[in-house]
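Chemist: Structure file final_28.cif (mmCIF, C-alpha atoms and all ligand atoms) is given on the next line.
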```cif
data_structure
#
loop_
_atom_site.label_atom_id
_atom_site.label_comp_id
_atom_site.auth_asym_id
_atom_site.auth_seq_id
_atom_site.Cartn_x
_atom_site.Cartn_y
_atom_site.Cartn_z
CA MET A 1 5.68 -19.07 5.80
CA ASN A 2 4.05 -21.98 4.01
CA ALA A 3 2.06 -20.84 0.96
CA THR A 4 0.45 -24.26 0.61
CA MET A 5 -1.30 -24.11 4.01
CA GLU A 6 -5.02 -23.72 3.60
CA ARG A 7 -6.12 -20.13 3.97
CA ILE A 8 -8.60 -19.07 6.61
CA SER A 9 -11.73 -17.76 4.87
CA PRO A 10 -14.06 -16.13 7.40
CA SER A 11 -17.74 -16.06 6.49
CA ALA A 12 -19.28 -12.94 4.95
CA GLY A 13 -21.26 -12.44 8.16
CA ARG A 14 -18.13 -12.50 10.26
CA ILE A 15 -16.38 -9.98 8.00
CA ALA A 16 -19.43 -7.68 8.17
CA ARG A 17 -19.46 -7.94 11.98
CA TRP A 18 -15.77 -7.08 12.17
CA ALA A 19 -16.29 -4.15 9.79
CA ARG A 20 -19.06 -2.76 12.01
CA GLU A 21 -17.19 -3.45 15.24
CA PHE A 22 -13.96 -1.75 14.15
CA GLU A 23 -15.36 1.15 12.12
CA SER A 24 -14.87 3.63 14.96
CA GLU A 25 -12.05 1.91 16.80
CA SER A 26 -8.55 3.33 17.20
CA VAL A 27 -5.75 2.20 14.91
CA ASP A 28 -4.05 0.53 17.89
CA ARG A 29 -7.15 -1.46 18.78
CA ILE A 30 -7.67 -2.56 15.15
CA LEU A 31 -4.06 -3.67 14.81
CA GLU A 32 -4.07 -5.46 18.17
CA TRP A 33 -7.11 -7.41 17.04
CA ALA A 34 -5.53 -8.16 13.62
CA VAL A 35 -2.36 -9.48 15.24
CA ALA A 36 -4.30 -11.63 17.72
CA GLU A 37 -6.59 -12.99 15.00
CA PHE A 38 -4.18 -13.55 12.10
CA ALA A 39 -0.47 -13.40 13.02
CA PRO A 40 1.85 -14.90 11.84
CA ARG A 41 -0.22 -15.03 8.63
CA LEU A 42 -0.62 -11.25 8.70
CA VAL A 43 1.20 -8.88 6.36
CA MET A 44 1.25 -5.18 5.54
CA THR A 45 2.02 -3.53 2.21
CA SER A 46 3.42 -0.03 1.88
CA ASN A 47 5.21 2.23 -0.54
CA PHE A 48 5.81 4.66 2.33
CA GLY A 49 3.25 7.28 1.46
CA VAL A 50 2.29 9.40 4.48
CA GLU A 51 -0.63 7.08 5.26
CA GLY A 52 1.66 4.06 5.32
CA VAL A 53 4.07 5.79 7.69
CA VAL A 54 1.16 6.53 10.07
CA VAL A 55 0.08 2.87 10.15
CA LEU A 56 3.68 1.66 10.45
CA ASP A 57 4.21 3.96 13.43
CA HIS A 58 1.37 2.12 15.20
CA LEU A 59 2.36 -1.35 13.98
CA ARG A 60 5.97 -0.98 15.14
CA ARG A 61 4.74 -0.62 18.73
CA ILE A 62 2.28 -3.51 18.55
CA ALA A 63 3.97 -6.14 16.35
CA PRO A 64 7.27 -4.90 14.89
CA ALA A 65 8.08 -8.26 13.31
CA THR A 66 5.05 -8.09 11.00
CA PRO A 67 6.34 -8.36 7.44
CA VAL A 68 5.93 -5.17 5.41
CA LEU A 69 5.98 -5.81 1.66
CA TYR A 70 7.40 -3.02 -0.47
CA VAL A 71 7.16 -3.44 -4.24
CA GLU A 72 10.44 -2.31 -5.77
CA THR A 73 9.41 -1.71 -9.38
CA GLY A 74 12.78 -0.44 -10.58
CA TYR A 75 11.10 2.89 -11.38
CA GLN A 76 10.94 4.41 -7.89
CA PHE A 77 12.01 7.95 -7.17
CA ALA A 78 15.37 8.20 -5.37
CA GLU A 79 13.49 10.10 -2.64
CA THR A 80 11.27 7.07 -2.03
CA ASP A 81 14.27 4.77 -1.73
CA ARG A 82 15.85 7.14 0.78
CA LEU A 83 12.64 7.29 2.81
CA LYS A 84 12.39 3.49 2.83
CA GLU A 85 15.83 3.27 4.45
CA GLU A 86 14.96 6.02 6.93
CA VAL A 87 11.75 4.22 7.90
CA ARG A 88 13.65 0.95 8.29
CA ALA A 89 16.26 2.62 10.54
CA ARG A 90 13.96 4.88 12.58
CA LEU A 91 10.85 2.75 12.96
CA GLY A 92 12.59 -0.63 12.97
CA VAL A 93 9.95 -2.30 10.81
CA ASN A 94 10.47 -5.57 8.96
CA ILE A 95 10.57 -4.41 5.32
CA ILE A 96 10.62 -7.11 2.64
CA GLU A 97 11.31 -5.95 -0.90
CA VAL A 98 9.27 -7.57 -3.65
CA ARG A 99 10.59 -7.48 -7.20
CA ALA A 100 9.26 -8.37 -10.63
CA GLU A 101 10.51 -11.51 -12.32
CA LEU A 102 12.00 -9.36 -15.11
CA SER A 103 14.46 -6.56 -14.48
CA VAL A 104 13.62 -3.27 -16.21
CA GLU A 105 16.32 -4.06 -18.80
CA GLU A 106 14.85 -7.52 -19.49
CA GLN A 107 11.37 -6.02 -19.76
CA ASP A 108 12.72 -3.42 -22.24
CA ARG A 109 14.25 -6.19 -24.36
CA ILE A 110 11.04 -8.23 -24.46
CA TYR A 111 8.35 -5.54 -24.58
CA GLY A 112 10.31 -2.52 -25.85
CA GLU A 113 11.45 0.52 -23.90
CA ARG A 114 9.06 2.73 -21.93
CA LEU A 115 6.29 0.15 -21.75
CA HIS A 116 4.74 2.37 -19.06
CA SER A 117 4.04 5.06 -21.69
CA ARG A 118 2.46 2.61 -24.16
CA ASP A 119 0.65 0.08 -21.97
CA SER A 120 0.67 1.10 -18.32
CA ASP A 121 -1.74 -1.69 -17.40
CA LEU A 122 0.69 -4.32 -18.66
CA CYS A 123 3.65 -2.58 -17.04
CA CYS A 124 1.81 -2.37 -13.69
CA ARG A 125 0.80 -6.00 -14.00
CA LEU A 126 4.37 -7.16 -14.65
CA ARG A 127 6.10 -4.89 -12.13
CA LYS A 128 3.54 -4.56 -9.33
CA VAL A 129 0.42 -6.67 -9.42
CA GLU A 130 1.81 -10.12 -10.21
CA PRO A 131 4.89 -9.91 -7.95
CA LEU A 132 2.75 -8.68 -5.06
CA ALA A 133 0.11 -11.37 -5.63
CA SER A 134 2.81 -14.04 -5.22
CA ALA A 135 4.23 -12.33 -2.15
CA LEU A 136 0.77 -12.09 -0.52
CA ALA A 137 -0.10 -15.72 -1.21
CA PRO A 138 1.16 -17.18 2.09
CA TYR A 139 -0.91 -14.83 4.24
CA ASP A 140 -4.52 -14.75 5.44
CA ALA A 141 -4.84 -11.04 6.15
CA TRP A 142 -3.39 -7.88 4.66
CA ILE A 143 -3.05 -4.46 6.28
CA ALA A 144 -3.12 -1.50 3.90
CA ALA A 145 -3.07 2.24 4.57
CA LEU A 146 -5.90 3.23 2.22
CA ARG A 147 -8.18 6.21 2.90
CA ARG A 148 -11.70 6.51 1.58
CA ASP A 149 -11.36 10.15 0.59
CA ALA A 150 -8.09 9.64 -1.31
CA SER A 151 -9.85 8.55 -4.49
CA PRO A 152 -13.30 7.72 -5.89
CA THR A 153 -12.01 4.17 -6.30
CA ARG A 154 -11.54 3.92 -2.53
CA GLU A 155 -14.77 5.50 -1.29
CA GLY A 156 -16.37 2.17 -0.45
CA ILE A 157 -13.57 0.45 1.47
CA GLY A 158 -14.27 -1.07 4.87
CA VAL A 159 -12.00 -1.01 7.91
CA VAL A 160 -12.26 -4.80 7.56
CA GLU A 161 -13.28 -6.34 4.24
CA TRP A 162 -12.96 -9.46 2.15
CA ASN A 163 -10.70 -9.18 -0.91
CA GLU A 164 -12.24 -11.65 -3.30
CA ARG A 165 -9.48 -11.40 -5.88
CA ARG A 166 -6.77 -12.44 -3.41
CA ARG A 167 -9.18 -14.41 -1.22
CA MET A 168 -7.89 -12.81 1.95
CA VAL A 169 -9.04 -10.41 4.64
CA LYS A 170 -8.04 -6.81 4.07
CA ILE A 171 -7.67 -4.41 6.97
CA ASN A 172 -7.69 -0.66 6.37
CA PRO A 173 -7.12 0.86 9.84
CA ILE A 174 -7.19 4.49 8.64
CA ALA A 175 -9.99 4.10 6.09
CA GLY A 176 -11.93 6.97 7.68
CA TRP A 177 -9.02 9.36 8.19
CA THR A 178 -8.78 12.59 6.22
CA ARG A 179 -5.61 13.80 4.57
CA GLU A 180 -5.40 16.60 7.15
CA ARG A 181 -5.55 14.13 10.03
CA VAL A 182 -2.76 12.07 8.46
CA TRP A 183 -0.49 15.11 8.12
CA ASP A 184 -1.32 16.25 11.68
CA TYR A 185 -0.22 12.84 12.93
CA ILE A 186 3.01 12.94 10.88
CA PHE A 187 3.97 16.41 12.16
CA SER A 188 2.93 15.91 15.77
CA ASN A 189 4.91 12.67 15.98
CA ARG A 190 7.87 14.04 13.97
CA LEU A 191 7.73 11.12 11.57
CA PRO A 192 9.72 10.95 8.34
CA TYR A 193 7.92 11.57 5.06
CA ASN A 194 8.79 11.65 1.38
CA SER A 195 10.42 15.00 0.52
CA LEU A 196 8.51 14.98 -2.80
CA TYR A 197 5.41 16.08 -0.85
CA ASP A 198 7.23 19.39 -0.24
CA ASP A 199 7.83 19.66 -3.98
CA GLY A 200 4.23 19.64 -5.23
CA PHE A 201 3.47 15.90 -5.26
CA THR A 202 0.34 14.72 -3.44
CA SER A 203 0.49 10.99 -4.23
CA ILE A 204 3.74 9.22 -5.04
CA GLY A 205 4.18 6.18 -7.25
CA CYS A 206 6.72 5.30 -9.95
CA ALA A 207 8.70 8.25 -11.31
CA PRO A 208 7.63 7.97 -14.98
CA CYS A 209 3.93 7.85 -14.05
CA THR A 210 3.72 10.51 -11.34
CA ARG A 211 3.56 14.29 -11.72
CA ARG A 212 3.08 17.23 -9.41
CA THR A 213 -0.51 18.35 -8.83
CA SER A 214 -1.90 21.89 -8.78
CA ALA A 215 -4.23 23.55 -6.28
CA GLY A 216 -7.77 22.26 -6.76
CA GLU A 217 -6.71 18.97 -8.37
CA HIS A 218 -7.57 15.70 -6.72
CA GLU A 219 -4.66 14.23 -4.75
CA ARG A 220 -4.29 11.19 -7.05
CA SER A 221 -4.73 13.16 -10.27
CA GLY A 222 -0.95 13.22 -10.76
CA ARG A 223 -0.83 9.47 -11.20
CA TRP A 224 -0.89 8.12 -14.81
CA ASP A 225 -1.46 11.61 -16.19
CA GLY A 226 -3.58 11.61 -19.35
CA GLU A 227 -5.12 8.21 -18.57
CA LYS A 228 -8.38 7.44 -16.83
CA LYS A 229 -6.49 5.10 -14.55
CA LEU A 230 -6.44 5.83 -10.79
CA GLU A 231 -5.20 2.47 -9.49
CA CYS A 232 -2.32 0.22 -10.54
CA GLY A 233 -4.40 -2.87 -9.76
CA ILE A 234 -2.83 -3.87 -6.45
CA HIS A 235 -5.81 -2.67 -4.42
CA LEU A 236 -8.59 -3.73 -6.81
S1 LIG A 301 3.29 2.93 -12.23
FE1 LIG A 301 4.17 3.20 -14.29
S2 LIG A 301 6.33 2.52 -14.20
FE2 LIG A 301 5.26 1.80 -12.33
S3 LIG A 301 4.66 -0.25 -12.83
FE3 LIG A 301 2.90 1.04 -13.33
S4 LIG A 301 3.15 1.65 -15.49
FE4 LIG A 301 5.10 0.75 -14.79
#
```
Starting from the file, lay out its structure as structure tokens.

Modeler:
Amino acid sequence: MNATMERISPSAGRIARWAREFESESVDRILEWAVAEFAPRLVMTSNFGVEGVVVLDHLRRIAPATPVLYVETGYQFAETDRLKEEVRARLGVNIIEVRAELSVEEQDRIYGERLHSRDSDLCCRLRKVEPLASALAPYDAWIAALRRDASPTREGIGVVEWNERRRMVKINPIAGWTRERVWDYIFSNRLPYNSLYDDGFTSIGCAPCTRRTSAGEHERSGRWDGEKKLECGIHL
């Protein structure tokens, strides 16, 4: 993939038309269109949350060679690493691991240990946002498994939208799905999922910044506990 090739930048009108056209379409239909329109400059990102597994289960049937970027921060739960390998083996998707320039040890030497507990924005920028921005650069369109009702920060997402920060098209094929619908799909299709969901976690990120949630709490309230932060910056 040549990062220097000029990116396709559809007009705002075209993006709005796509968003309207695909709002009520099936995941298969949305992905078939995305592949026809953008491949091979089409990419997906996933950290193998349940939503990601749902989208990957569709993508593997339509375009299994589509690159799937997984940001390996060095702080993942062992359960997430195990799931990644299970997804790779069972779904046969093309997972590409993206890593920060600095190892955790190098980051500790330069910024001090446990940067995540002192400046989570900087830690997320170094370990997630910047490495992913470089990895996304060669592509025109990006598939993500975001849901509108997962977080107030995601309420306004479109099934197709323009990501100004990355200057690329973003495709959210399950934007309108509820959490219940996602879990129904996982169970009825006997798909693998992160065992931490059975242990009280409702959204899974890096181990030092993720806690279990209690009944009545919002599903992303266990991320960056004690901070106002709800997003690492990747999806902003
Ligand atoms: S989620 Fe926490 S450990 Fe992971 S990159 Fe962000 S601050 Fe660092």

Chemist: Could you list, as a ChimeraX atom specification, all residues that come within 12 Å of ligand LIG 301 (chain A)? Count all atoms listed in the file.

Modeler: /A:47,71-77,99-100,102-104,107-108,113-132,203-211,222-225,227,229-234

Chemist: Please provide the set of residues having any atom within 8 Å of stretch 185-192 of chain A, restricted to only C-alpha atoms, with same-chain residues fewer than 2 positions apart removed, written as a ChimeraX atom specification.

Modeler: /A:50,53-54,83,86-87,181-183,194

Chemist: Quick one, how far is atom CA of A:Gly158 from atom CA of A:Ala19?

Modeler: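 According to the coordinates, atom CA of A:Gly158 and atom CA of A:Ala19 are separated by 6.1 Å.
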
Chemist: Just how far from atom CA of A:Trp33 is atom CA of A:Ala175, in Å to one decimal?

Modeler: 16.1 Å

Chemist: How would you write as number ranges by chain the residues that get within 10 Å of (-13.6, -3.3, 9.6) in the file's frame, counting only C-alpha atoms?

Modeler: A: 15-25, 30, 157-162, 169-173, 175

Chemist: May I ask for the distance between atom CA of A:Arg60 and atom CA of A:Ile95, given in Å to one decimal place?

Modeler: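 It comes out at 11.4 Å.
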
Chemist: Find the residues of stretch 3-73 of chain A that sit at most 10 Å from stretch 139-148 of chain A; for each, write down the nearest two atoms and how far apart they are in Å, to one decimal. Count all atoms listed in the file. Sort by chain, then by number going up, and give it as CSV.

Modeler:
```
residue,atom,partner,partner_atom,distance
A:Ala3,CA,A:Tyr139,CA,7.5
A:Met5,CA,A:Tyr139,CA,9.3
A:Glu6,CA,A:Asp140,CA,9.2
A:Arg7,CA,A:Asp140,CA,5.8
A:Ile8,CA,A:Asp140,CA,6.1
A:Ser9,CA,A:Asp140,CA,7.8
A:Pro10,CA,A:Asp140,CA,9.8
A:Leu31,CA,A:Ile143,CA,8.6
A:Ala34,CA,A:Ala141,CA,8.0
A:Val35,CA,A:Ala141,CA,9.6
A:Glu37,CA,A:Ala141,CA,9.2
A:Phe38,CA,A:Ala141,CA,6.5
A:Ala39,CA,A:Ala141,CA,8.5
A:Pro40,CA,A:Tyr139,CA,8.1
A:Arg41,CA,A:Tyr139,CA,4.4
A:Leu42,CA,A:Ala141,CA,4.9
A:Val43,CA,A:Trp142,CA,5.0
A:Met44,CA,A:Ile143,CA,4.4
A:Thr45,CA,A:Ala144,CA,5.8
A:Ser46,CA,A:Ala144,CA,7.0
A:Asn47,CA,A:Ala145,CA,9.7
A:Phe48,CA,A:Ala145,CA,9.5
A:Gly49,CA,A:Ala145,CA,8.7
A:Val50,CA,A:Ala145,CA,8.9
A:Glu51,CA,A:Ala145,CA,5.5
A:Gly52,CA,A:Ala145,CA,5.1
A:Val53,CA,A:Ala145,CA,8.6
A:Val54,CA,A:Ala145,CA,8.2
A:Val55,CA,A:Ala145,CA,6.4
A:Leu56,CA,A:Ala145,CA,9.0
A:Leu59,CA,A:Ile143,CA,9.9
A:Val68,CA,A:Ile143,CA,9.0
```

Chemist: Between A:Asn94, A:Ser26, A:Ser151, A:Thr66, single out the one closest to A:Glu217, counting all atoms listed in the file.

Modeler: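 Nearest candidate to A:Glu217 out of A:Asn94, A:Ser26, A:Ser151, A:Thr66: A:Ser151.
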
Chemist: I need the residue nearest A:Pro138 from this list: A:Arg166, A:Glu32, A:Asp199, A:Arg212. Use all atoms listed in the file for the distance.

Modeler: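 Checking each candidate against A:Pro138, we get A:Arg166 as the closest.
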